[in-house]
Amino acid sequence: MATVLIDKLLQAAVKQGASDIHIVVGQPPVFRLHGRMRKLETKVLEPDDTMALMKSIAPDRCQRELQEAGSSDFGFAFGELARFRVSIFKQRGNISMVLRQIPNDKLTPEQLGLPDSVVEMVQRPRGLVLVTGPTGSGKSTTLASLINFINESHDHHIITIEDPIEFYHEHKKSTINQREVGVDVPSFAEAIRRALRQDPDVILVGELRDLETIQAAISAAETGHVVFGTLHTNSAQGTVNRIIDAFPGNLQDQIRTQLSTSLIGVVAQTLLPRIGGGRIAAYEVLVVTAGISNLIRENKTFRINSAIQTGAKYGMNLLDDTLFNLWRDGIVTIEDVLGKAHRPDDLAKRIVNVRRGLSEDDNSEDEDS
């Protein structure tokens, strides 16, 4: 029998540290290793192979959804070794799958390089903390680390609402309930509303994907809970704008006011390949001070970036400054840094100036003024 066994594949992925496994008809399985795609030297997959692989791991309800809607997502555990977040879908009438590996060991905020200001944010008694960045930028890892930190250090009740559940958390000092959208609860917004009756201290909302969910998350943050949420935005300033813009014009003033009092902070992140292998996260951190709260309320969000730049003493920093430091410390290449920068031209100028031996002070007028 020439089928590729799923266990062998998963074992190899865990052993090699692959972040994703791609299974598609017409080529062998492909691993994504440190951001690069690598074909395995095994047989080319036929339609029957991908169908058999899918059936070996997909729950019945997901196989039904695949037939009806053309795709489905679920999470599953591979013994004690790892969990995978799986997306199955049809393309050209055949079955494809992408499996994203979710490591079992949760890294501490220090190991992830998260600034202390972020760890302080999540210990506040109430408010909204947003972790943002493009798909695959490590948001889930950051959130799992912060939830685990709270779990180990505070006696809280934590409710997570995810689609699908990624990291499994055990009860440590805190009690944790993890609800999966589509399995335990019909929608994010519904789950948040229900959560308010379940005596939570901390609510993690996997994704603020629509107006109803955003509104429910802000309300929960206002009523005395710490709420974590994620968005696919690239910068802190962009995140604030995205939330306000999700609302119709006549509600935007009200949302600005609510956001100005409920938002604790934003962490925008991106992942870069390290020189010599592995990956490293670069963070942009916005801590909502009284000044920034005013900027949000008064519709002056375009000033947030310069406020971040002058807010270093509160633990704030812009992504491009972090990227500059990673380049200067020899951790990542100049190409990767410029590829992820919000203002690549300004950053390139800075790097050129440093290479020419000018001091940082001489080029401060190139910065965001």
# chains A, B, ... in the order shown; residues from 1 in each chain; ligands from 1
call {"tool": "closest_atom_pairs", "arguments": {"of": "region 69-95 of chain A", "to": "region 10-20 of chain A", "cutoff": "12 Å", "atoms": "only C-alpha atoms", "output": "CSV"}}
result
residue,atom,partner,partner_atom,distance
A:Phe76,CA,A:Leu10,CA,11.6
A:Ala77,CA,A:Leu10,CA,10.6
A:Phe78,CA,A:Leu10,CA,7.6
A:Gly79,CA,A:Gln11,CA,10.2
A:Glu80,CA,A:Val14,CA,11.1
A:Leu81,CA,A:Val14,CA,7.4
A:Ala82,CA,A:Val14,CA,7.2
A:Arg83,CA,A:Val14,CA,9.8
A:Phe84,CA,A:Asp20,CA,8.9
A:Arg85,CA,A:Asp20,CA,9.3
A:Val86,CA,A:Asp20,CA,9.5
A:Ser87,CA,A:Asp20,CA,10.9
call {"tool": "closest_atom_pairs", "arguments": {"of": "region 9-78 of chain A", "to": "region 275-294 of chain A", "cutoff": "10 Å", "atoms": "only C-alpha atoms", "output": "CSV"}}
result
residue,atom,partner,partner_atom,distance
A:Gly17,CA,A:Gly278,CA,9.4
A:Leu33,CA,A:Gly278,CA,8.6
A:His34,CA,A:Gly278,CA,5.6
A:Gly35,CA,A:Arg279,CA,8.2
call {"tool": "write_last_selection", "arguments": {"atoms": "N, CA, C and O atoms", "output": "tab-separated table (two decimals), in the first residue's frame"}}
result
chain	number	residue	atom	x	y	z
A	17	GLY	N	11.11	20.43	13.46
A	17	GLY	CA	10.70	21.78	13.84
A	17	GLY	C	9.99	22.53	12.73
A	17	GLY	O	10.11	23.75	12.61
A	33	LEU	N	10.00	25.19	6.88
A	33	LEU	CA	11.05	25.19	7.92
A	33	LEU	C	11.67	26.57	7.99
A	33	LEU	O	12.19	27.07	6.98
A	34	HIS	N	11.61	27.21	9.15
A	34	HIS	CA	12.16	28.57	9.34
A	34	HIS	C	11.71	29.51	8.23
A	34	HIS	O	12.49	30.30	7.71
A	35	GLY	N	10.44	29.37	7.87
A	35	GLY	CA	9.88	30.30	6.88
A	35	GLY	C	10.06	29.88	5.44
A	35	GLY	O	9.49	30.48	4.54
call {"tool": "closest_atom_pairs", "arguments": {"of": "region 79-155 of chain A", "to": "region 307-319 of chain A", "cutoff": "9 Å", "atoms": "only C-alpha atoms", "output": "JSON lines"}}
result
{"residue": "A:Pro115", "atom": "CA", "partner": "A:Gly315", "partner_atom": "CA", "distance": 7.2}
{"residue": "A:Asp116", "atom": "CA", "partner": "A:Gly315", "partner_atom": "CA", "distance": 7.4}
{"residue": "A:Ser117", "atom": "CA", "partner": "A:Gly315", "partner_atom": "CA", "distance": 5.1}
{"residue": "A:Val118", "atom": "CA", "partner": "A:Gly315", "partner_atom": "CA", "distance": 8.1}
call {"tool": "write_last_selection", "arguments": {"atoms": "all heavy atoms", "output": "short mmCIF file (atom, residue, chain, number, x, y, z; two decimals), in the first residue's frame"}}
result
data_model
loop_
_atom_site.label_atom_id
_atom_site.label_comp_id
_atom_site.auth_asym_id
_atom_site.auth_seq_id
_atom_site.Cartn_x
_atom_site.Cartn_y
_atom_site.Cartn_z
N PRO A 115 8.51 42.80 25.99
CA PRO A 115 8.92 43.83 26.94
C PRO A 115 8.16 43.72 28.27
O PRO A 115 7.01 43.25 28.30
CB PRO A 115 8.56 45.13 26.24
CG PRO A 115 8.34 44.78 24.80
CD PRO A 115 7.94 43.35 24.76
N ASP A 116 8.78 44.17 29.36
CA ASP A 116 8.14 44.15 30.68
C ASP A 116 6.82 44.92 30.67
O ASP A 116 5.88 44.56 31.38
CB ASP A 116 9.06 44.78 31.75
CG ASP A 116 10.30 43.92 31.97
OD1 ASP A 116 10.27 42.74 31.57
OD2 ASP A 116 11.30 44.43 32.51
N SER A 117 6.77 46.00 29.85
CA SER A 117 5.55 46.81 29.83
C SER A 117 4.34 45.98 29.41
O SER A 117 3.22 46.22 29.85
CB SER A 117 5.72 48.01 28.88
OG SER A 117 6.14 47.57 27.61
N VAL A 118 4.56 44.96 28.56
CA VAL A 118 3.45 44.11 28.12
C VAL A 118 2.99 43.21 29.26
O VAL A 118 1.79 43.03 29.50
CB VAL A 118 3.88 43.26 26.90
CG1 VAL A 118 2.75 42.31 26.48
CG2 VAL A 118 4.27 44.17 25.73
#
call {"tool": "closest_residue", "arguments": {"among": "A:Arg274, A:Arg256, A:Ala216, A:Ile150", "to": "Met121 (chain A)", "atoms": "only C-alpha atoms"}}
result
A:Ile150
call {"tool": "residues_around", "arguments": {"residues": "Gln269 (chain A)", "least_positions_apart": "3", "cutoff": "12 Å", "atoms": "only C-alpha atoms", "output": "ChimeraX atom specification"}}
result
/A:112-115,130-143,230-236,239,266,272,280-286,317-320,322-323,340-342
call {"tool": "select_by_dssp", "arguments": {"residues": "region 153-228 of chain A", "states": "alpha helix (DSSP H)", "output": "list in words"}}
result
Ser153, Phe188, Ala189, Glu190, Ala191, Ile192, Arg193, Arg194, Ala195, Leu211, Glu212, Thr213, Ile214, Gln215, Ala216, Ala217, Ile218, Ser219, Ala220, Ala221 and Glu222 of chain A
call {"tool": "atom_distance", "arguments": {"atom1": "CA of Ile159 (chain A)", "atom2": "CA of Pro59 (chain A)"}}
result
24.2 Å
call {"tool": "closest_residue", "arguments": {"among": "A:Arg297, A:Lys106, A:Arg209, A:Arg193", "to": "Tyr168 (chain A)", "atoms": "only C-alpha atoms"}}
result
A:Lys106
call {"tool": "closest_residue", "arguments": {"among": "A:Val185, A:Glu162, A:Phe324, A:Gln198", "to": "Asp336 (chain A)", "atoms": "only C-alpha atoms"}}
result
A:Phe324
call {"tool": "select_by_dssp", "arguments": {"residues": "region 92-162 of chain A", "states": "strand (DSSP E or B)", "output": "PyMOL selection string"}}
result
chain A and resi 94-103+127-132+157-162
call {"tool": "write_last_selection", "arguments": {"atoms": "N, CA, C and O atoms", "output": "CSV table (one decimal), in the first residue's frame"}}
result
chain,number,residue,atom,x,y,z
A,94,ASN,N,-9.9,18.4,-5.9
A,94,ASN,CA,-9.2,17.5,-5.0
A,94,ASN,C,-9.1,18.1,-3.6
A,94,ASN,O,-9.4,19.3,-3.3
A,95,ILE,N,-8.6,17.3,-2.6
A,95,ILE,CA,-8.5,17.7,-1.2
A,95,ILE,C,-7.1,18.2,-1.0
A,95,ILE,O,-6.1,17.5,-1.3
A,96,SER,N,-7.0,19.3,-0.3
A,96,SER,CA,-5.7,19.8,0.2
A,96,SER,C,-5.7,20.0,1.7
A,96,SER,O,-6.8,20.2,2.2
A,97,MET,N,-4.6,20.0,2.3
A,97,MET,CA,-4.6,20.2,3.8
A,97,MET,C,-3.3,21.1,4.1
A,97,MET,O,-2.3,20.9,3.5
A,98,VAL,N,-3.5,21.9,5.1
A,98,VAL,CA,-2.3,22.6,5.7
A,98,VAL,C,-2.4,22.4,7.2
A,98,VAL,O,-3.5,22.6,7.8
A,99,LEU,N,-1.4,21.9,7.8
A,99,LEU,CA,-1.3,21.6,9.2
A,99,LEU,C,-0.3,22.5,9.9
A,99,LEU,O,0.9,22.5,9.5
A,100,ARG,N,-0.7,23.4,10.8
A,100,ARG,CA,0.2,24.3,11.5
A,100,ARG,C,0.5,23.7,12.8
A,100,ARG,O,-0.4,23.3,13.6
A,101,GLN,N,1.8,23.5,13.1
A,101,GLN,CA,2.2,22.9,14.4
A,101,GLN,C,2.1,23.9,15.5
A,101,GLN,O,2.6,25.1,15.4
A,102,ILE,N,1.5,23.5,16.6
A,102,ILE,CA,1.4,24.4,17.8
A,102,ILE,C,2.2,23.7,18.9
A,102,ILE,O,1.8,22.6,19.4
A,103,PRO,N,3.4,24.2,19.3
A,103,PRO,CA,4.2,23.5,20.2
A,103,PRO,C,3.5,23.3,21.5
A,103,PRO,O,2.7,24.1,21.9
A,127,GLY,N,-9.7,46.0,31.2
A,127,GLY,CA,-9.3,46.7,30.0
A,127,GLY,C,-9.0,45.7,28.9
A,127,GLY,O,-9.0,44.5,29.0
A,128,LEU,N,-8.7,46.3,27.7
A,128,LEU,CA,-8.6,45.6,26.5
A,128,LEU,C,-7.1,45.6,26.1
A,128,LEU,O,-6.5,46.7,26.0
A,129,VAL,N,-6.5,44.4,25.8
A,129,VAL,CA,-5.1,44.3,25.3
A,129,VAL,C,-5.2,43.6,24.0
A,129,VAL,O,-5.8,42.5,23.9
A,130,LEU,N,-4.7,44.3,22.9
A,130,LEU,CA,-4.8,43.7,21.6
A,130,LEU,C,-3.4,43.3,21.1
A,130,LEU,O,-2.4,44.0,21.3
A,131,VAL,N,-3.3,42.0,20.6
A,131,VAL,CA,-2.1,41.5,20.0
A,131,VAL,C,-2.4,41.4,18.5
A,131,VAL,O,-3.3,40.7,18.1
A,132,THR,N,-1.6,42.1,17.7
A,132,THR,CA,-1.9,42.2,16.3
A,132,THR,C,-0.7,41.8,15.4
A,132,THR,O,0.4,41.8,15.9
A,157,HIS,N,-10.1,33.4,37.1
A,157,HIS,CA,-10.8,32.5,36.2
A,157,HIS,C,-10.6,33.0,34.8
A,157,HIS,O,-10.9,34.2,34.5
A,158,ILE,N,-10.1,32.2,33.9
A,158,ILE,CA,-9.7,32.6,32.6
A,158,ILE,C,-10.6,31.8,31.6
A,158,ILE,O,-10.7,30.6,31.7
A,159,ILE,N,-11.3,32.6,30.7
A,159,ILE,CA,-12.1,31.9,29.7
A,159,ILE,C,-11.5,32.3,28.3
A,159,ILE,O,-11.2,33.4,28.0
A,160,THR,N,-11.2,31.2,27.5
A,160,THR,CA,-10.7,31.5,26.2
A,160,THR,C,-11.7,31.1,25.2
A,160,THR,O,-12.5,30.1,25.4
A,161,ILE,N,-11.9,31.9,24.1
A,161,ILE,CA,-12.9,31.7,23.0
A,161,ILE,C,-12.0,31.6,21.8
A,161,ILE,O,-11.5,32.6,21.4
A,162,GLU,N,-11.9,30.4,21.2
A,162,GLU,CA,-11.0,30.3,20.0
A,162,GLU,C,-11.6,29.5,18.9
A,162,GLU,O,-12.6,28.8,19.0
